[in-house]
Each structure stands twice: as C-alpha cells, then as structure tokens.
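Here the structure comes first, spelled out in structure tokens, and everything after it is commentary.
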Amino acid sequence: MDQATSPAPDLTDHQFALLCDIAKTEAGLMISSSKRQMIQSRLARHLRKLRRSDIDVYLKDIASDKTGSLTGGLISVLTTNVSSFFREKHHFEIFERELLPNMIVKARSGGKVRIWSAGCSSGQEPYSIAMMLIKRVPDIASLDFKILGTDIDHEIIARAREGLYSDDEANTLPDVDRKMFMERSPQSPRGNKIVNRASGLVSIRPLNLLQKWPMKQQFDAIFCRNVLIYFDAETQQSLWPRFCAALHDDGYLFLGHSERIQNSKSYGFSPCGVTTYHKNRQHGAQRKS
Ligand SMILES: C[S@@+](CC[C@H](N)C(=O)[O-])C[C@H]1O[C@@H](n2cnc3c(N)ncnc32)[C@H](O)[C@@H]1O
C-alpha cells in the first residue's frame with residue numbers, strides 16, 4: 001500500500017491533545033473526547049488527500065505553517081458544517097414579522113439594510129434570508145439590501161459561493177421555494193443550483209470570528225447560529241460586546257437553539273424571542289459617547 005491508500009494509525013493521546021489545542025487556539029473550537037474517532041477518520045482522509053502518512057511530521061509542519069494553508073486545511077477537518085435551508089424557522093418568522101417592515105421603510109427612504117450570517121457554512125442560511133427578502137419585498141432590486149455570509153472554513157466558503165446543493169439538501173426547501181430559487185445543474189453531483197437573483201444579494205467571504213472583523217458598516221441583523229456552541233464560555237463572552245458593537249441601535253442578534261447570552265443586559269441586549277436578542281438603544285448611545 002502506498003501513502004495515499006494506507007489507513008492512518010490511531011491518534012495517540014498526545015496527537016489528539018495537540019489537535020484540540022490547535023482547534024481552540026486557531027478557531028475557538030472545543031473538541032470533546034467523544035469526537036476523537038470522528039476527527040481521526042476525517043484526518044485520515046485529509047492526510048490521504050495530501051499524500052501524507054506521518055501525523056507527527058504533519059503536526060510539526062502545522063506548527064511552522066507560515067502561509068496558513070496547511071492550518072486552513074486542518075480547520076476544515078475540525079469544523080462541523082451541518083446546515084439546512086430555513087433552519088430554525090421561528091427566526092425567519094420573527095424576522096419577517098418584526099424586523100422586515102422597518103427595514104423596508106428604511107430601504108425605501110434611501111437607507112442601506114445590512115444582514116450578516118456569521119458562520120454561514122455552505123450558504124443555506126444567507127440564501128434563505130435572500131429568498132425570504134425576494135418573496136416579501138417586490139421592489140428589492142431597486143433597494144440597497146445586502147447579505148454578508150462569512151465562515152472560517154475555506155472549503156465550505158468555496159461551496160457556499162458555488163451555490164450547488166444535492167437533492168437531499170435542496171429538499172429541505174419547501175417545494176414552492178425550490179421551484180422559484182433552484183435550477184437543475186445535471187453535470188454536477190450537487191445538481192441543484194441557486195439561481196442568480198437569490199445569490200446576487202449575497203456575498204460570501206472567509207472570516208475567523210476570533211480575529212479582527214474588517215467590516216466597516218454596522219448591521220441591522222446578525223445571524224450567528226450553531227457556531228458558538230462549539231466555543232467555551234470565555235470565548236462566547238468575548239464575542240457578545242463585539243456583536244453588540246457590530247449592530248445598529250435596535251439591531252437584532254439570532255443565535256442557535258442551544259445558545260444563550262447569560263446576563264444579556266450587561267452586554268447591551270434584551271431577549272425578545274427564542275434565542276433572539278435585541279440591542280438596547282441606550283447601549284448604542286453609551287458606546288458612541
Ligand atoms: C454548524 S455550522 C452552522 C451553519 C449555520 N449558521 C446554521 O445554523 O445552519 C457552524 C459553522 O461555524 C463555522 N465556524 C466555526 N468556528 C468558526 C470561527 N472561529 N469563525 C468563523 N466561523 C466558524 C464552521 O466552519 C461551520 O461552518
């Protein structure tokens with residue numbers, strides 16, 4: 001057997017500890033020991049692709065990785081990218097009912113509306129937001145609405161940009177939306193492509209939430225769902241003030257079903273629905289003064 005086909009040996013405790021350390025330092029990810037087997041098989045597949053077989057040498061190369069490309073590949077191995085269209089539907093209902101009317105007024109009087117999907121994985125979240133907007137705002141093409149999707153994982157970012165989905169993935173969309181926003185692309189194994197009018201509202205960029213956020217504008221709404229669940233409490237707490245600062249006064253933050261801001265008032269947020277937080281106007285005013 002050559003390097004490309006031989007099975008990788010089991011991870012030693014030391015190698016697994018090193019991987020956990022890299023996951024935490026580079027991406028904020030906490031890897032529990034229950035994930036050891038899964039990480040091991042994903043890593044074995046990754047090393048076969050790289051035609052490497054020595055994990056110790058690989059980990060040493062990661063430690064001295066100047067370009068970040070080797071580390072980036074490992075981050076893809078360590079992240080969990082599960083997503084689906086209109087996941088946690090209640091957030092889309094709150095958005096439509098409570099945020100959208102004001103957003104439309106703002107946009108129709110010449111304002112910009114900015115929405116951020118932070119940790120967007122393969123794109124289902126930002127594209128779902130785009131689909132909802134297109135259906136509910138008939139004059140959207142003449143208004144300044146934009147959706148930004150970001151993720152740390154470069155491989156998943158490439159997939160999100162491509163906008164191609166398997167039948168199983170596309171089937172998480174209601175029939176009516178699939179007909180309106182997907183076209184068949186039979187030459188690809190992911191044979192359903194998001195049509196241009198939905199992808200045109202969305203831009204997708206790589207961004208590690210732990211690092212500096214280069215966006216200059218504030219957002220009207222931020223979706224950061226099922227991302228912080230992989231972070232420890234300290235990392236989560238370091239992000240609440242940053243999300244607050246990244247939102248306009250009265251902006252909204254949507255978290256995943258098992259994520260909460262403990263003591264949200266002290267971070268400038270009020271809970272206002274299932275894992276939904278409203279930025280307190282007063283907090284924005286204090287921050288600016
Ligand atoms: C489970 S997916 C959630 C996708 C989508 N938000 C949803 O709820 O369906 C979590 C995503 O967070 C991304 N992620 C993990 N750590 C990150 C970090 N430090 N910065 C940015 N994205 C990160 C992962 O790459 C992954 O795509």
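So you can find residues: chains in the structure tokens are A, B, ... in the order shown, residues in each start at 1, and ligands are numbered from 1 in order.
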- Item | Residues within 9 Å of ligand 1, counting only C-alpha atoms and all ligand atoms, as JSON, numbers by chain | {"A": [23, 24, 26, 27, 28, 29, 75, 76, 78, 79, 80, 81, 82, 83, 84, 85, 86, 87, 88, 117, 118, 119, 120, 121, 122, 123, 124, 125, 126, 150, 151, 152, 153, 154, 155, 156, 157, 206, 207, 208, 209, 210, 211, 223, 224, 225, 226, 227, 228, 229, 230, 231, 255, 256, 257]}
- Secondary structure check, strand (DSSP E or B) residues of segment 185-215 of chain A, as a list in words: Asn192, Lys193, Ile194, Val202, Ser203, Ile204, Arg205 and Pro206 of chain A
Requested write-out: N, CA and C atoms of the selected residues, as a PDB file, in the first residue's frame:
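Listed below is the output, out-v6.pdb:
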ATOM      1  N   ASN A 192     -28.383  20.898  -7.918  1.00  0.00           N
ATOM      2  CA  ASN A 192     -29.365  21.985  -7.785  1.00  0.00           C
ATOM      3  C   ASN A 192     -28.619  23.276  -7.504  1.00  0.00           C
ATOM      4  N   LYS A 193     -28.775  24.238  -8.423  1.00  0.00           N
ATOM      5  CA  LYS A 193     -28.016  25.490  -8.275  1.00  0.00           C
ATOM      6  C   LYS A 193     -28.943  26.625  -7.878  1.00  0.00           C
ATOM      7  N   ILE A 194     -28.477  27.413  -6.912  1.00  0.00           N
ATOM      8  CA  ILE A 194     -29.224  28.611  -6.514  1.00  0.00           C
ATOM      9  C   ILE A 194     -29.251  29.566  -7.705  1.00  0.00           C
ATOM     10  N   VAL A 202     -26.252  38.226  -2.095  1.00  0.00           N
ATOM     11  CA  VAL A 202     -25.399  37.643  -1.053  1.00  0.00           C
ATOM     12  C   VAL A 202     -23.934  37.721  -1.458  1.00  0.00           C
ATOM     13  N   SER A 203     -23.057  38.157  -0.543  1.00  0.00           N
ATOM     14  CA  SER A 203     -21.628  37.944  -0.802  1.00  0.00           C
ATOM     15  C   SER A 203     -21.065  37.076   0.317  1.00  0.00           C
ATOM     16  N   ILE A 204     -20.133  36.219  -0.083  1.00  0.00           N
ATOM     17  CA  ILE A 204     -19.599  35.225   0.847  1.00  0.00           C
ATOM     18  C   ILE A 204     -18.101  35.468   1.000  1.00  0.00           C
ATOM     19  N   ARG A 205     -17.641  35.568   2.241  1.00  0.00           N
ATOM     20  CA  ARG A 205     -16.206  35.825   2.458  1.00  0.00           C
ATOM     21  C   ARG A 205     -15.667  34.997   3.618  1.00  0.00           C
ATOM     22  N   PRO A 206     -14.376  34.672   3.566  1.00  0.00           N
ATOM     23  CA  PRO A 206     -13.783  33.981   4.714  1.00  0.00           C
ATOM     24  C   PRO A 206     -13.605  34.941   5.884  1.00  0.00           C
TER      25      PRO A 206
END
- Task: Considering only C-alpha atoms, return as a ChimeraX atom specification whatever protein or nucleic-acid residues lie within 9 Å of segment 34-44 of chain A, sequence-local ones (same chain, fewer than 2 positions apart) excluded.
- Result: /A:7-11,16,31-32,46-49,53,74,77-78
- Query: In Å, with one decimal, what is the gap from atom CA of Gln262 of chain A to atom CA of His278 of chain A?
  - Reply: 14.0 Å
